[in-house]
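Only one structure is covered here, and it is reproduced in the block below.
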Amino acid sequence: MNVTRAEVAAPFSLGGADELRTLLTDAGFRDIEIASRSIEARFATPDRFVERMEFAYAAVVPQFVEDPDALAVYLEKIGRETKAIVERYREGDFIVAPMHTHIAVAHA
């Protein structure tokens, strides 16, 4: 079973404030206010960080629900390929990374 990058990225594909504003406007919302926020997130167990973060895909990518072996292969591969990147964010026993979001308030 082959899972595409688009299928894995879909749950996290709405990253831009302008795109969010356009979607809300097109849906008929008005008085749209969007606030961008960032935090510095701390995650324990750096050696299992990628596995734990990526495991959420087991619930949102249909192919992984249907084929747990495909998820295991994905987790092993993504862990191996991102090891050097993750290490850049390691601070002792934690991964410390910036996390960004947009919060929208609008009226129908």
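Residue numbering restarts at 1 in every chain; chains get A, B, ... in the order shown in the structure tokens, and ligands count up from 1 in that same order.
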**Asked** If you run DSSP on this backbone, which residues of chain A come out as alpha helix (DSSP H), and could you give them as a PyMOL selection string?
**Response** chain A and resi 5-9+17-26+49-54+57-60+62-66+68-88
**Message:** Can you pull out the residues contacting Glu91 in chain A? Cut-off 10 Å, using only C-alpha atoms, and skip same-chain residues under 5 positions away; I want them as a ChimeraX atom specification.
**Reply:** /A:42-44,46,96-97
Write out as a PDB file with C-alpha atoms, in the first residue's frame the residues lying within 8 Å of range 69-86 of chain A, counting only C-alpha atoms and excluding same-chain residues fewer than 2 positions away.
ATOM      1  CA  MET A   1       0.000   0.000   0.000  1.00  0.00           C
ATOM      2  CA  ASN A   2       1.450   3.366  -1.025  1.00  0.00           C
ATOM      3  CA  PRO A  46      13.773  12.928  22.069  1.00  0.00           C
ATOM      4  CA  VAL A  50       9.218  11.577  15.523  1.00  0.00           C
ATOM      5  CA  GLU A  51       7.489   8.263  16.167  1.00  0.00           C
ATOM      6  CA  GLU A  54       3.812  10.891  13.435  1.00  0.00           C
ATOM      7  CA  PHE A  55       1.741   8.194  15.144  1.00  0.00           C
ATOM      8  CA  ALA A  58      -2.655   6.231  12.229  1.00  0.00           C
ATOM      9  CA  GLN A  63      -4.381   3.634   4.384  1.00  0.00           C
ATOM     10  CA  PHE A  64      -2.699   3.475   7.791  1.00  0.00           C
ATOM     11  CA  ASP A  67      -2.789  -1.445   6.908  1.00  0.00           C
ATOM     12  CA  ARG A  88      19.102  20.289  16.048  1.00  0.00           C
ATOM     13  CA  TYR A  89      16.171  20.914  18.397  1.00  0.00           C
ATOM     14  CA  ARG A  90      17.407  18.670  21.183  1.00  0.00           C
ATOM     15  CA  ILE A  95      13.001  18.507  21.981  1.00  0.00           C
TER      16      ILE A  95
END
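Among the candidates A:Ser36, A:Thr4, A:Glu19, A:Asp31, the one nearest to His102 in chain A when counting only C-alpha atoms is A:Ser36.
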**Asked** Can you list, as a PyMOL selection string, every residue of chain A that DSSP puts in strand (DSSP E)?
**Response** chain A and resi 30-44+90-91+94-107
**Message:** Env of Ile32 in chain A: 7 Å cut, atoms = only C-alpha atoms, seq-sep filter 6 positions within chain, self excluded. Answer as a PyMOL selection string.
**Reply:** chain A and resi 104-106
